[in-house]
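Chemist: mmCIF, C-alpha atoms, file model.cif:
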```cif
data_run
loop_
_atom_site.label_atom_id
_atom_site.label_comp_id
_atom_site.auth_asym_id
_atom_site.auth_seq_id
_atom_site.Cartn_x
_atom_site.Cartn_y
_atom_site.Cartn_z
CA MET A 278 84.11 42.64 -29.97
CA GLU A 279 85.23 39.97 -27.49
CA ASN A 280 82.47 40.97 -25.03
CA TYR A 281 79.93 40.72 -27.83
CA ASN A 282 81.11 37.20 -28.70
CA ASN A 283 81.02 36.16 -25.04
CA LYS A 284 77.44 37.42 -24.71
CA TRP A 285 76.46 35.59 -27.90
CA ASP A 286 78.08 32.38 -26.66
CA ALA A 287 76.30 32.70 -23.30
CA SER A 288 72.96 33.31 -25.01
CA TYR A 289 73.48 30.34 -27.31
CA ILE A 290 74.37 28.03 -24.40
CA GLU A 291 71.30 29.21 -22.49
CA TYR A 292 69.09 28.64 -25.54
CA ALA A 293 70.59 25.19 -26.18
CA GLY A 294 70.06 24.22 -22.54
CA ALA A 295 66.43 25.37 -22.61
CA SER A 296 65.85 23.51 -25.86
CA ALA A 297 67.36 20.29 -24.46
CA TYR A 298 65.23 20.58 -21.32
CA THR A 299 62.06 21.04 -23.38
CA LYS A 300 62.83 18.01 -25.55
CA LEU A 301 63.65 15.83 -22.56
CA PHE A 302 60.54 16.91 -20.66
CA ARG A 303 58.41 16.19 -23.73
CA SER A 304 60.13 12.81 -24.10
CA VAL A 305 59.02 11.84 -20.58
CA PHE A 306 55.36 11.98 -21.61
CA THR A 307 56.00 10.51 -25.06
CA TRP A 308 57.71 7.42 -23.63
CA MET A 309 54.99 7.09 -21.00
CA ALA A 310 52.29 7.23 -23.69
CA LEU A 311 54.08 4.61 -25.81
CA ALA A 312 54.43 2.32 -22.79
CA LEU A 313 50.73 2.71 -21.98
CA ALA A 314 49.86 1.91 -25.61
CA ALA A 315 52.01 -1.24 -25.47
CA THR A 316 50.34 -2.26 -22.20
CA GLY A 317 46.84 -1.66 -23.53
CA LEU A 318 47.41 -3.50 -26.80
CA THR A 319 49.04 -6.44 -25.02
CA ALA A 320 46.23 -6.64 -22.46
CA SER A 321 43.60 -6.60 -25.20
CA TYR A 322 45.38 -9.26 -27.27
CA VAL A 323 45.98 -11.59 -24.32
CA ALA A 324 42.39 -11.17 -23.13
CA ASN A 325 41.06 -12.10 -26.57
CA TYR A 326 43.38 -15.11 -26.66
CA LEU A 327 42.27 -16.23 -23.21
CA THR A 328 38.63 -15.99 -24.25
CA MET A 329 39.31 -18.69 -26.84
CA HIS A 330 41.87 -20.62 -24.74
CA PRO A 331 40.83 -20.13 -21.08
CA ASP A 332 43.09 -22.90 -19.79
CA MET A 333 46.28 -21.28 -21.07
CA PHE A 334 46.56 -18.70 -18.29
CA SER A 335 46.95 -20.72 -15.11
CA SER A 336 47.35 -19.12 -11.70
CA GLY A 337 50.98 -20.28 -11.65
CA LEU A 338 51.72 -18.53 -14.93
CA PHE A 339 49.96 -15.38 -13.76
CA PHE A 340 51.98 -15.14 -10.55
CA GLY A 341 55.12 -15.98 -12.50
CA LEU A 342 54.49 -13.00 -14.78
CA CYS A 343 53.82 -10.79 -11.74
CA ILE A 344 57.13 -11.83 -10.16
CA ALA A 345 58.96 -11.33 -13.46
CA GLU A 346 57.65 -7.79 -13.97
CA LEU A 347 58.34 -6.87 -10.33
CA ALA A 348 61.91 -8.15 -10.62
CA LEU A 349 62.36 -6.30 -13.90
CA VAL A 350 61.19 -2.92 -12.60
CA ILE A 351 63.34 -3.28 -9.45
CA LEU A 352 66.38 -4.16 -11.57
CA LEU A 353 65.73 -1.26 -13.92
CA SER A 354 65.35 1.23 -11.06
CA ALA A 355 68.42 -0.01 -9.19
CA ARG A 356 70.82 -0.51 -12.13
CA ILE A 357 69.80 2.07 -14.70
CA HIS A 358 72.85 4.25 -13.97
CA LYS A 359 75.07 1.36 -15.11
CA MET A 360 73.05 0.58 -18.25
CA SER A 361 73.07 2.24 -21.62
CA PHE A 362 69.99 4.24 -22.50
CA ALA A 363 69.10 1.71 -25.22
CA THR A 364 69.21 -1.20 -22.74
CA ALA A 365 67.09 0.70 -20.24
CA GLY A 366 64.59 1.58 -22.95
CA ILE A 367 64.28 -2.06 -24.03
CA MET A 368 63.73 -3.15 -20.42
CA PHE A 369 61.03 -0.52 -20.00
CA ALA A 370 59.33 -1.78 -23.18
CA ILE A 371 59.47 -5.40 -21.96
CA TYR A 372 58.07 -4.34 -18.59
CA SER A 373 55.13 -2.55 -20.23
CA VAL A 374 54.33 -5.69 -22.26
CA LEU A 375 54.55 -7.96 -19.20
CA ASN A 376 52.32 -5.57 -17.31
CA GLY A 377 49.84 -5.70 -20.17
CA ALA A 378 49.79 -9.50 -19.97
CA THR A 379 48.94 -9.44 -16.26
CA MET A 380 46.39 -6.65 -16.70
CA SER A 381 44.56 -8.70 -19.34
CA VAL A 382 42.49 -10.23 -16.53
CA LEU A 383 40.79 -6.84 -16.15
CA PHE A 384 39.36 -7.25 -19.67
CA LEU A 385 37.86 -10.56 -18.56
CA VAL A 386 36.33 -9.13 -15.38
CA TYR A 387 35.06 -5.71 -16.52
CA THR A 388 33.09 -4.63 -19.59
CA MET A 389 34.91 -2.86 -22.41
CA GLU A 390 32.63 0.17 -22.05
CA SER A 391 33.53 0.67 -18.38
CA ILE A 392 37.23 0.11 -19.10
CA ALA A 393 37.13 2.76 -21.84
CA THR A 394 35.22 5.19 -19.61
CA THR A 395 37.64 4.66 -16.73
CA PHE A 396 40.61 5.16 -19.05
CA PHE A 397 39.33 8.57 -20.15
CA VAL A 398 38.55 9.56 -16.56
CA THR A 399 42.07 8.49 -15.57
CA ALA A 400 43.62 10.37 -18.49
CA GLY A 401 41.71 13.54 -17.60
CA THR A 402 42.59 13.31 -13.91
CA PHE A 403 46.22 12.54 -14.71
CA GLY A 404 46.41 15.45 -17.15
CA VAL A 405 45.04 17.93 -14.61
CA MET A 406 47.42 16.78 -11.89
CA ALA A 407 50.37 16.77 -14.29
CA LEU A 408 49.55 20.37 -15.22
CA ILE A 409 49.35 21.31 -11.55
CA GLY A 410 52.65 19.60 -10.84
CA SER A 411 54.42 21.38 -13.69
CA THR A 412 53.04 24.87 -12.95
CA THR A 413 52.50 25.16 -9.20
CA LYS A 414 54.90 27.28 -7.16
CA MET A 415 54.29 25.15 -4.07
CA ASP A 416 57.13 22.81 -3.15
CA LEU A 417 55.44 19.42 -3.20
CA SER A 418 58.55 17.67 -1.90
CA LYS A 419 57.44 18.56 1.63
CA PHE A 420 54.76 15.90 1.20
CA SER A 421 57.29 13.24 0.14
CA SER A 422 57.39 11.56 3.57
CA LEU A 423 53.60 11.45 3.69
CA PHE A 424 53.39 9.94 0.20
CA THR A 425 56.05 7.36 1.01
CA MET A 426 54.40 6.26 4.26
CA ALA A 427 50.97 6.14 2.59
CA LEU A 428 52.35 4.02 -0.27
CA ILE A 429 54.01 1.55 2.12
CA GLY A 430 50.82 1.36 4.18
CA LEU A 431 48.74 0.78 1.04
CA ILE A 432 50.99 -2.08 -0.08
CA ILE A 433 50.89 -3.74 3.36
CA ALA A 434 47.11 -3.33 3.63
CA SER A 435 46.64 -4.79 0.13
CA LEU A 436 48.75 -7.83 1.00
CA VAL A 437 46.85 -8.36 4.25
CA ASN A 438 43.52 -8.14 2.45
CA LEU A 439 44.59 -10.82 -0.03
CA PHE A 440 44.17 -13.28 2.85
CA TRP A 441 41.55 -11.47 4.94
CA ALA A 442 39.26 -10.44 2.04
CA ASN A 443 37.47 -7.78 4.07
CA SER A 444 35.13 -5.64 1.92
CA TYR A 445 35.47 -2.54 4.13
CA LEU A 446 39.26 -2.68 3.93
CA TYR A 447 39.00 -3.30 0.17
CA TRP A 448 37.04 -0.10 -0.41
CA GLY A 449 39.19 1.85 2.04
CA ILE A 450 42.30 0.79 0.11
CA THR A 451 40.58 1.71 -3.15
CA TYR A 452 39.67 5.28 -2.24
CA ILE A 453 42.97 5.92 -0.46
CA GLY A 454 44.75 4.53 -3.54
CA VAL A 455 42.95 7.01 -5.80
CA LEU A 456 43.87 9.96 -3.58
CA LEU A 457 47.45 8.75 -3.18
CA PHE A 458 48.18 8.37 -6.89
CA VAL A 459 46.46 11.64 -7.72
CA GLY A 460 48.90 13.33 -5.33
CA LEU A 461 51.87 11.27 -6.52
CA THR A 462 51.22 12.33 -10.11
CA ALA A 463 51.61 16.02 -9.27
CA TRP A 464 54.62 15.34 -7.05
CA ASP A 465 56.40 13.15 -9.62
CA VAL A 466 55.85 15.67 -12.43
CA GLN A 467 57.31 18.47 -10.30
CA LYS A 468 60.22 16.25 -9.26
CA ILE A 469 60.96 15.31 -12.88
CA LYS A 470 60.74 18.94 -13.95
CA ASN A 471 63.18 20.03 -11.24
CA MET A 472 65.64 17.24 -12.04
CA LEU A 473 65.64 18.02 -15.75
CA GLN A 474 66.12 21.71 -15.06
CA ILE A 475 69.27 20.79 -13.14
CA TYR A 476 70.67 17.97 -15.28
CA GLY A 477 68.89 18.41 -18.60
CA THR A 478 71.07 21.13 -20.09
CA GLU A 479 71.96 18.81 -22.97
CA GLU A 480 70.69 15.58 -24.48
CA ASN A 481 73.01 12.69 -23.71
CA ASP A 482 72.85 9.15 -22.37
CA VAL A 483 72.64 10.29 -18.74
CA THR A 484 69.90 12.88 -19.17
CA GLN A 485 67.87 10.58 -21.39
CA LYS A 486 67.97 7.93 -18.65
CA VAL A 487 66.79 10.55 -16.14
CA ALA A 488 63.86 11.29 -18.45
CA LEU A 489 63.19 7.58 -18.95
CA MET A 490 63.02 6.95 -15.21
CA GLY A 491 60.64 9.88 -14.97
CA SER A 492 58.40 8.33 -17.62
CA LEU A 493 58.46 5.02 -15.71
CA SER A 494 57.32 6.79 -12.53
CA LEU A 495 54.45 8.51 -14.34
CA TYR A 496 53.54 5.27 -16.12
CA LEU A 497 53.20 3.53 -12.75
CA ASP A 498 51.15 6.45 -11.38
CA PHE A 499 48.77 6.25 -14.36
CA VAL A 500 48.38 2.47 -14.26
CA ASN A 501 47.72 2.35 -10.52
CA LEU A 502 45.29 5.27 -10.68
CA PHE A 503 43.46 3.49 -13.52
CA ILE A 504 43.20 0.22 -11.56
CA TYR A 505 41.83 1.91 -8.43
CA LEU A 506 39.35 4.00 -10.42
CA LEU A 507 38.25 0.88 -12.30
CA ARG A 508 37.28 -0.70 -8.99
CA ILE A 509 34.91 2.24 -8.45
CA LEU A 510 33.68 2.94 -11.99
CA GLY A 511 33.99 -0.49 -13.59
CA SER A 512 30.98 -2.63 -14.47
CA ARG A 513 31.60 -6.35 -14.10
CA ARG A 514 30.68 -8.81 -16.82
CA ASP A 515 27.72 -11.07 -16.21
#
```
Now that the file is in, can you turn its structure into structure tokens?

Modeler:
Amino acid sequence: MENYNNKWDASYIEYAGASAYTKLFRSVFTWMALALAATGLTASYVANYLTMHPDMFSSGLFFGLCIAELALVILLSARIHKMSFATAGIMFAIYSVLNGATMSVLFLVYTMESIATTFFVTAGTFGVMALIGSTTKMDLSKFSSLFTMALIGLIIASLVNLFWANSYLYWGITYIGVLLFVGLTAWDVQKIKNMLQIYGTEENDVTQKVALMGSLSLYLDFVNLFIYLLRILGSRRD
């Protein structure tokens, strides 16, 4: 009888752990989708406001918002282990709104039709790579050094081209950016899956923060992939 109870307890623990993992993994994509919705709605609202009040969004305000969102995401990434899950969630929400405010300029540069088309292309590409990342047996972590170096190189090249404004470098950065964030999407999904399989045996403050950080990573992958694809697919306003 005791052996039977032990087996039942072990089966229940295994089932509870699998259930917690499934919920946490699903939460990663739910939180990412909510953050993207907040970003999109904010960008649309701010763009409409700027159409009627073009002088309200000065270059100083724009760069101030960029600095604020950069500082916020760095703080969230560095200090999340010392925050409560609620605090981290609020910071993520604020970041997605700030990002929407800065991305509103895209609505002023590109047509709504091309933005919508690019969004669906991005969503489809992201979905395929997320599926690959969650199902492949290949260990994508072996490409981590390559991804990291490519990301650093992309950031440096982008900063240089802000001053140089070379069209060849611009398009090189664009196509490399697409390839990089396509790969990062699969890698991040696999990394999140592996982390939740290790730590996500139950839902608590710690595991929810792990899932939240995963959703932030995927959110950034999606947004950057969208921006680089928009450079290629977007039609500029007259």

Chemist: What does the PyMOL selection byres ((chain A and resi 354) around 12) select in this file, as a PDB file with C-alpha atoms, keeping the file's coordinate frame?

Modeler:
```
ATOM      1  CA  LEU A 347      58.340  -6.870 -10.330  1.00  0.00           C
ATOM      2  CA  ALA A 348      61.910  -8.150 -10.620  1.00  0.00           C
ATOM      3  CA  LEU A 349      62.360  -6.300 -13.900  1.00  0.00           C
ATOM      4  CA  VAL A 350      61.190  -2.920 -12.600  1.00  0.00           C
ATOM      5  CA  ILE A 351      63.340  -3.280  -9.450  1.00  0.00           C
ATOM      6  CA  LEU A 352      66.380  -4.160 -11.570  1.00  0.00           C
ATOM      7  CA  LEU A 353      65.730  -1.260 -13.920  1.00  0.00           C
ATOM      8  CA  ALA A 355      68.420  -0.010  -9.190  1.00  0.00           C
ATOM      9  CA  ARG A 356      70.820  -0.510 -12.130  1.00  0.00           C
ATOM     10  CA  ILE A 357      69.800   2.070 -14.700  1.00  0.00           C
ATOM     11  CA  HIS A 358      72.850   4.250 -13.970  1.00  0.00           C
ATOM     12  CA  LYS A 359      75.070   1.360 -15.110  1.00  0.00           C
ATOM     13  CA  MET A 360      73.050   0.580 -18.250  1.00  0.00           C
ATOM     14  CA  ALA A 365      67.090   0.700 -20.240  1.00  0.00           C
ATOM     15  CA  GLY A 366      64.590   1.580 -22.950  1.00  0.00           C
ATOM     16  CA  MET A 368      63.730  -3.150 -20.420  1.00  0.00           C
ATOM     17  CA  PHE A 369      61.030  -0.520 -20.000  1.00  0.00           C
ATOM     18  CA  TYR A 372      58.070  -4.340 -18.590  1.00  0.00           C
ATOM     19  CA  LYS A 486      67.970   7.930 -18.650  1.00  0.00           C
ATOM     20  CA  VAL A 487      66.790  10.550 -16.140  1.00  0.00           C
ATOM     21  CA  LEU A 489      63.190   7.580 -18.950  1.00  0.00           C
ATOM     22  CA  MET A 490      63.020   6.950 -15.210  1.00  0.00           C
ATOM     23  CA  GLY A 491      60.640   9.880 -14.970  1.00  0.00           C
ATOM     24  CA  SER A 492      58.400   8.330 -17.620  1.00  0.00           C
ATOM     25  CA  LEU A 493      58.460   5.020 -15.710  1.00  0.00           C
ATOM     26  CA  SER A 494      57.320   6.790 -12.530  1.00  0.00           C
TER      27      SER A 494
END
```

Chemist: For atom CA of A:Asp482 and atom CA of A:Ala314, quote the distance in Å rounded to one decimal.

Modeler: 24.3 Å

Chemist: Please identify all polymer residues within 12 Å of A:Glu390, counting only C-alpha atoms, omitting same-chain residues fewer than 3 positions from it, and present them as a PyMOL selection string.

Modeler: chain A and resi 384+387+393-397+507+510-514

Chemist: Go through A:Phe458, A:Tyr452, A:Phe424, A:Tyr298 one by one, measure the shortest atom-to-atom distance of each to A:Met472 using all atoms listed in the file, and give the residue with the smallest value.

Modeler: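 Closest to A:Met472 of all the choices is A:Tyr298.
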
Chemist: Kindly give the distance, in Å, that separates atom CA of A:Ile453 and atom CA of A:Val374, rounded to a single decimal.

Modeler: 27.2 Å

Chemist: Name the residues that the PyMOL selection byres ((chain A and resi 505) around 8) pulls out of this structure, and write them as JSON, numbers by chain.

Modeler: {"A": [451, 452, 454, 455, 501, 502, 503, 504, 506, 507, 508, 509]}

Chemist: Taking the file above as input, evaluate the PyMOL selection byres ((chain A and resi 480) around 12) and report the hits as an MDAnalysis selection string.

Modeler: chainID A and resid 293:302 304 362 473 476:479 481:488
